[in-house]
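What follows is input-v4.cif (mmCIF, C-alpha atoms).
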```
data_final
#
loop_
_atom_site.label_atom_id
_atom_site.label_comp_id
_atom_site.auth_asym_id
_atom_site.auth_seq_id
_atom_site.Cartn_x
_atom_site.Cartn_y
_atom_site.Cartn_z
CA MET A 1 0.00 0.00 0.00
CA LYS A 2 1.38 3.36 -1.01
CA GLN A 3 1.71 5.93 1.77
CA LEU A 4 0.83 9.57 1.29
CA SER A 5 3.52 12.13 1.92
CA PRO A 6 3.22 14.39 4.99
CA LYS A 7 2.99 17.38 2.64
CA LEU A 8 -0.10 15.86 0.99
CA TYR A 9 -1.74 15.44 4.39
CA LYS A 10 -1.16 19.13 5.08
CA VAL A 11 -2.70 20.09 1.74
CA TRP A 12 -5.85 18.09 2.43
CA LEU A 13 -6.05 19.40 5.99
CA TYR A 14 -5.74 22.96 4.63
CA LEU A 15 -8.57 22.39 2.14
CA ILE A 16 -10.80 20.74 4.75
CA LEU A 17 -10.29 23.67 7.14
CA LEU A 18 -11.09 26.09 4.31
CA ILE A 19 -14.30 24.18 3.55
CA LEU A 20 -15.32 24.16 7.22
CA GLY A 21 -14.59 27.89 7.47
CA TYR A 22 -16.81 28.71 4.52
CA ILE A 23 -19.57 26.44 5.84
CA LEU A 24 -19.47 28.44 9.08
CA ALA A 25 -19.46 31.68 7.08
CA GLY A 26 -22.59 30.60 5.19
CA TRP A 27 -24.25 29.66 8.46
CA LEU A 28 -23.39 33.04 10.01
CA LEU A 29 -24.52 35.05 6.98
CA THR A 30 -27.84 33.21 7.10
CA ALA A 31 -28.16 33.66 10.87
CA PHE A 32 -27.62 37.40 10.51
CA GLN A 33 -30.20 37.52 7.70
CA VAL A 34 -27.96 39.69 5.56
CA SER A 35 -29.29 41.34 2.43
CA ILE A 36 -28.70 40.05 -1.07
CA TRP A 37 -26.04 42.74 -1.53
CA VAL A 38 -23.88 41.26 1.21
CA TRP A 39 -24.13 37.87 -0.51
CA VAL A 40 -23.17 39.46 -3.84
CA ILE A 41 -20.18 41.25 -2.27
CA THR A 42 -19.12 38.03 -0.52
CA LEU A 43 -19.26 36.07 -3.75
CA ALA A 44 -17.39 38.84 -5.58
CA ILE A 45 -14.63 38.70 -2.95
CA ILE A 46 -14.45 34.92 -3.35
CA LEU A 47 -14.22 35.17 -7.14
CA TYR A 48 -11.58 37.88 -6.95
CA LEU A 49 -9.44 35.99 -4.43
CA ALA A 50 -9.81 32.73 -6.34
CA LYS A 51 -8.56 34.48 -9.47
CA THR A 52 -5.78 36.67 -8.06
CA GLY A 53 -4.55 34.69 -5.07
CA SER A 54 -2.39 36.52 -2.58
CA GLU A 55 -2.37 39.67 -4.74
CA GLY A 56 -6.03 40.21 -3.86
CA ILE A 57 -5.64 40.31 -0.09
CA VAL A 58 -5.91 44.10 0.22
CA LEU A 59 -9.11 44.38 -1.81
CA GLY A 60 -10.59 41.27 -0.16
CA SER A 61 -9.85 42.69 3.28
CA ALA A 62 -11.38 46.02 2.27
CA GLY A 63 -14.56 44.22 1.22
CA VAL A 64 -14.71 42.44 4.58
CA MET A 65 -14.17 45.75 6.37
CA GLY A 66 -17.04 47.29 4.39
CA ILE A 67 -19.41 44.46 5.27
CA ILE A 68 -18.48 44.60 8.96
CA PHE A 69 -18.68 48.43 8.94
CA PHE A 70 -22.22 48.45 7.60
CA GLY A 71 -23.20 45.63 9.95
CA VAL A 72 -22.07 47.75 12.89
CA ILE A 73 -23.66 50.95 11.56
CA PHE A 74 -27.04 49.32 10.97
CA ARG A 75 -26.75 47.06 14.03
CA VAL A 76 -27.53 43.89 12.10
CA TRP A 77 -28.08 41.20 14.70
CA PRO A 78 -29.96 37.88 14.78
CA LYS A 79 -33.39 38.30 16.36
CA ASN A 80 -33.14 35.83 19.21
CA TRP A 81 -29.48 36.27 20.10
CA PRO A 82 -28.85 38.29 23.26
CA ILE A 83 -27.27 41.71 22.72
CA THR A 84 -26.11 42.02 26.33
CA ILE A 85 -25.25 39.55 29.05
CA TRP A 86 -24.87 39.93 32.79
CA LEU A 87 -21.62 38.65 34.20
CA GLN A 88 -21.74 37.71 37.86
CA ASP A 89 -18.76 37.55 40.16
CA ILE A 90 -16.73 40.32 38.58
CA PRO A 91 -14.97 42.17 41.38
CA VAL A 92 -15.92 45.83 41.22
CA GLY A 93 -14.50 48.04 43.95
CA SER A 94 -14.85 46.44 47.35
CA GLY A 95 -17.43 43.81 46.42
CA THR A 96 -18.92 41.90 43.56
CA ARG A 97 -21.97 42.89 41.62
CA PRO A 98 -23.36 41.92 38.24
CA LYS A 99 -21.92 43.82 35.31
CA LEU A 100 -23.70 44.37 32.01
CA ILE A 101 -21.53 43.37 29.03
CA MET A 102 -22.40 44.34 25.46
CA LEU A 103 -22.14 41.18 23.40
CA TRP A 104 -22.50 42.55 19.87
CA PRO A 105 -19.24 44.60 19.71
CA LEU A 106 -17.17 41.60 20.77
CA THR A 107 -19.05 39.40 18.32
CA TYR A 108 -18.37 41.80 15.44
CA ILE A 109 -14.66 41.89 16.30
CA LEU A 110 -14.55 38.09 16.28
CA LEU A 111 -16.50 37.99 13.00
CA TRP A 112 -14.04 40.42 11.47
CA LEU A 113 -11.06 38.29 12.57
CA PHE A 114 -12.77 35.15 11.25
CA ALA A 115 -13.53 36.80 7.89
CA ILE A 116 -9.93 38.03 7.55
CA LEU A 117 -8.72 34.48 8.23
CA LEU A 118 -11.01 33.22 5.47
CA VAL A 119 -9.68 35.89 3.08
CA LEU A 120 -6.10 34.90 3.87
CA GLY A 121 -6.92 31.20 3.65
CA LEU A 122 -8.50 31.57 0.23
CA ALA A 123 -5.77 33.91 -1.00
CA PHE A 124 -2.99 31.48 -0.11
CA ALA A 125 -4.85 28.36 -1.30
CA HIS A 126 -3.23 28.50 -4.74
CA LYS A 127 0.04 27.07 -3.48
CA PRO A 128 -1.46 23.87 -2.00
CA LEU A 129 -3.56 23.34 -5.12
CA LYS A 130 -0.53 23.78 -7.35
CA PHE A 131 1.17 21.11 -5.23
CA LEU A 132 -1.69 18.79 -6.28
CA GLY A 133 -0.79 19.54 -9.91
CA LEU A 134 -3.52 22.04 -10.83
CA ASN A 135 -2.83 24.92 -13.20
CA PRO A 136 -4.00 28.49 -12.36
CA GLN A 137 -7.28 28.13 -14.29
CA GLN A 138 -8.09 24.88 -12.51
CA CYS A 139 -7.18 26.50 -9.17
CA PHE A 140 -9.71 29.27 -9.89
CA TYR A 141 -12.49 26.82 -10.69
CA CYS A 142 -11.64 24.58 -7.74
CA LEU A 143 -11.54 27.44 -5.21
CA THR A 144 -14.70 29.04 -6.57
CA LEU A 145 -16.58 25.75 -6.47
CA LEU A 146 -15.18 24.80 -3.06
CA SER A 147 -16.05 28.16 -1.45
CA GLY A 148 -19.44 28.59 -3.13
CA LEU A 149 -20.63 25.09 -2.30
CA SER A 150 -19.37 25.44 1.26
CA LEU A 151 -21.35 28.67 1.71
CA GLY A 152 -24.42 26.89 0.33
CA ILE A 153 -23.93 23.96 2.70
CA GLY A 154 -23.74 26.45 5.58
CA VAL A 155 -27.06 27.95 4.50
CA LEU A 156 -28.66 24.50 4.29
CA ILE A 157 -27.31 23.49 7.69
CA PHE A 158 -28.78 26.65 9.23
CA LYS A 159 -32.18 26.25 7.62
CA ASN A 160 -32.50 22.52 8.35
CA SER A 161 -31.03 22.09 11.79
CA LEU A 162 -31.59 22.66 15.46
CA PHE A 163 -28.71 25.15 15.44
CA ASN A 164 -30.82 28.00 14.11
CA PHE A 165 -31.74 30.31 16.92
CA ILE A 166 -34.02 32.54 14.87
#
```
For the file at hand, write its structure as structure tokens.
Amino acid sequence: MKQLSPKLYKVWLYLILLILGYILAGWLLTAFQVSIWVWVITLAIILYLAKTGSEGIVLGSAGVMGIIFFGVIFRVWPKNWPITIWLQDIPVGSGTRPKLIMLWPLTYILLWLFAILLVLGLAFAHKPLKFLGLNPQQCFYCLTLLSGLSLGIGVLIFKNSLFNFI
């Protein structure tokens, strides 16, 4: 039986993590009930990064910043998710009392970091695919199909599962 090289394992692990990331992104976009324009911008970023690779990081990051910016400005938030939480046992002064924590700013920061990781992951995915023997055109089609289908799977998981909180 022929053994796979350790490099090949890393390539497949990289692609699996990229797929899981875009599934989560599709789930989150559906949970936040974003408009069709956010979906169009997201797909445009995916197409651009799949075509240009690491040269498209700046524009891809700018697109992510725009989406997050308008999400913050318009306070887009899933209906049944809490906006604030009370944290008990936080020492304040001489005693402890509950403290109100705003959840949505922290969530948007984490979403921004996650989206930037997806941009970087997609931008640098050309190298692992070239290791598999794909040419640049095949890399574009593979990354577009991989990302688009993963987003769609995320949407389906949200709509057909117990994990939708809306």
Given the PyMOL selection byres ((chain A and resi 25) around 9), the residues it picks as a PyMOL selection string: chain A and resi 20-24+26-30+114-115+118+150-151+154-155
Keeping only C-alpha atoms, write the selected residues as a PDB file, keeping the file's coordinate frame.
```pdb
ATOM      1  CA  LEU A  20     -15.320  24.160   7.220  1.00  0.00           C
ATOM      2  CA  GLY A  21     -14.590  27.890   7.470  1.00  0.00           C
ATOM      3  CA  TYR A  22     -16.810  28.710   4.520  1.00  0.00           C
ATOM      4  CA  ILE A  23     -19.570  26.440   5.840  1.00  0.00           C
ATOM      5  CA  LEU A  24     -19.470  28.440   9.080  1.00  0.00           C
ATOM      6  CA  GLY A  26     -22.590  30.600   5.190  1.00  0.00           C
ATOM      7  CA  TRP A  27     -24.250  29.660   8.460  1.00  0.00           C
ATOM      8  CA  LEU A  28     -23.390  33.040  10.010  1.00  0.00           C
ATOM      9  CA  LEU A  29     -24.520  35.050   6.980  1.00  0.00           C
ATOM     10  CA  THR A  30     -27.840  33.210   7.100  1.00  0.00           C
ATOM     11  CA  PHE A 114     -12.770  35.150  11.250  1.00  0.00           C
ATOM     12  CA  ALA A 115     -13.530  36.800   7.890  1.00  0.00           C
ATOM     13  CA  LEU A 118     -11.010  33.220   5.470  1.00  0.00           C
ATOM     14  CA  SER A 150     -19.370  25.440   1.260  1.00  0.00           C
ATOM     15  CA  LEU A 151     -21.350  28.670   1.710  1.00  0.00           C
ATOM     16  CA  GLY A 154     -23.740  26.450   5.580  1.00  0.00           C
ATOM     17  CA  VAL A 155     -27.060  27.950   4.500  1.00  0.00           C
TER      18      VAL A 155
END
```
Where does the PyMOL selection byres ((chain A and resi 59-68) around 7) land in this file, that is, which residues does it pick, as a PyMOL selection string? chain A and resi 38+45+49+56-58+69-72+112+115-116+119
Given the file shown, enumerate the residues that the PyMOL selection byres ((chain A and resi 131) around 12) captures and present them as a list of chain:residue names.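 Written out, the selection comes to A:Ser5, A:Lys7, A:Leu8, A:Tyr9, A:Lys10, A:Val11, A:Trp12, A:Ala125, A:His126, A:Lys127, A:Pro128, A:Leu129, A:Lys130, A:Leu132, A:Gly133, A:Leu134, A:Asn135, A:Pro136, A:Cys139.
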Of the candidates A:Trp81, A:Tyr108, A:Phe124, A:Trp37, which one gets nearest to Leu143 of chain A if we count all atoms listed in the file? A:Phe124
Return the single residue from A:Ile46, A:Ile73, A:Ala31, A:Val40 that is closest to Phe158 of chain A, with distances computed using all atoms listed in the file.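 Among A:Ile46, A:Ile73, A:Ala31, A:Val40, it is A:Ala31 that comes nearest to Phe158 of chain A.
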Sphere at (-27.9, 44.0, 17.6), radius 12 Å, counting all atoms listed in the file: residues as a PDB file with C-alpha atoms, in the coordinates of the input:
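Everything below was put into out_37.pdb:
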```pdb
ATOM      1  CA  PHE A  32     -27.620  37.400  10.510  1.00  0.00           C
ATOM      2  CA  GLY A  71     -23.200  45.630   9.950  1.00  0.00           C
ATOM      3  CA  VAL A  72     -22.070  47.750  12.890  1.00  0.00           C
ATOM      4  CA  ILE A  73     -23.660  50.950  11.560  1.00  0.00           C
ATOM      5  CA  PHE A  74     -27.040  49.320  10.970  1.00  0.00           C
ATOM      6  CA  ARG A  75     -26.750  47.060  14.030  1.00  0.00           C
ATOM      7  CA  VAL A  76     -27.530  43.890  12.100  1.00  0.00           C
ATOM      8  CA  TRP A  77     -28.080  41.200  14.700  1.00  0.00           C
ATOM      9  CA  PRO A  78     -29.960  37.880  14.780  1.00  0.00           C
ATOM     10  CA  LYS A  79     -33.390  38.300  16.360  1.00  0.00           C
ATOM     11  CA  ASN A  80     -33.140  35.830  19.210  1.00  0.00           C
ATOM     12  CA  TRP A  81     -29.480  36.270  20.100  1.00  0.00           C
ATOM     13  CA  PRO A  82     -28.850  38.290  23.260  1.00  0.00           C
ATOM     14  CA  ILE A  83     -27.270  41.710  22.720  1.00  0.00           C
ATOM     15  CA  THR A  84     -26.110  42.020  26.330  1.00  0.00           C
ATOM     16  CA  MET A 102     -22.400  44.340  25.460  1.00  0.00           C
ATOM     17  CA  LEU A 103     -22.140  41.180  23.400  1.00  0.00           C
ATOM     18  CA  TRP A 104     -22.500  42.550  19.870  1.00  0.00           C
ATOM     19  CA  PRO A 105     -19.240  44.600  19.710  1.00  0.00           C
ATOM     20  CA  LEU A 106     -17.170  41.600  20.770  1.00  0.00           C
ATOM     21  CA  THR A 107     -19.050  39.400  18.320  1.00  0.00           C
ATOM     22  CA  TYR A 108     -18.370  41.800  15.440  1.00  0.00           C
TER      23      TYR A 108
END
```
Check the smallest atom-to-atom distance from each of A:Leu111, A:Leu120, A:Leu145, A:Ile157 to Leu47 of chain A using only C-alpha atoms, then report the winner.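 That would be A:Leu145, the residue with the smallest distance to Leu47 of chain A.
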Distance atom CA of Leu15 of chain A-atom CA of Ala123 of chain A, one decimal place?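 It comes out at 12.3 Å.
Atom CA of Gly152 of chain A is found 15.1 Å from atom CA of Ala44 of chain A.
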Report, in Å to a single decimal, how far apart atom CA of Ser147 of chain A and atom CA of Lys51 of chain A are.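 Separating atom CA of Lys51 of chain A from atom CA of Ser147 of chain A is a distance of 12.7 Å.
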Using only C-alpha atoms, pick whichever of A:Trp39, A:Leu18, A:Phe140, A:Ile153 has the shortest atom-to-atom distance to Leu122 of chain A. A:Leu18
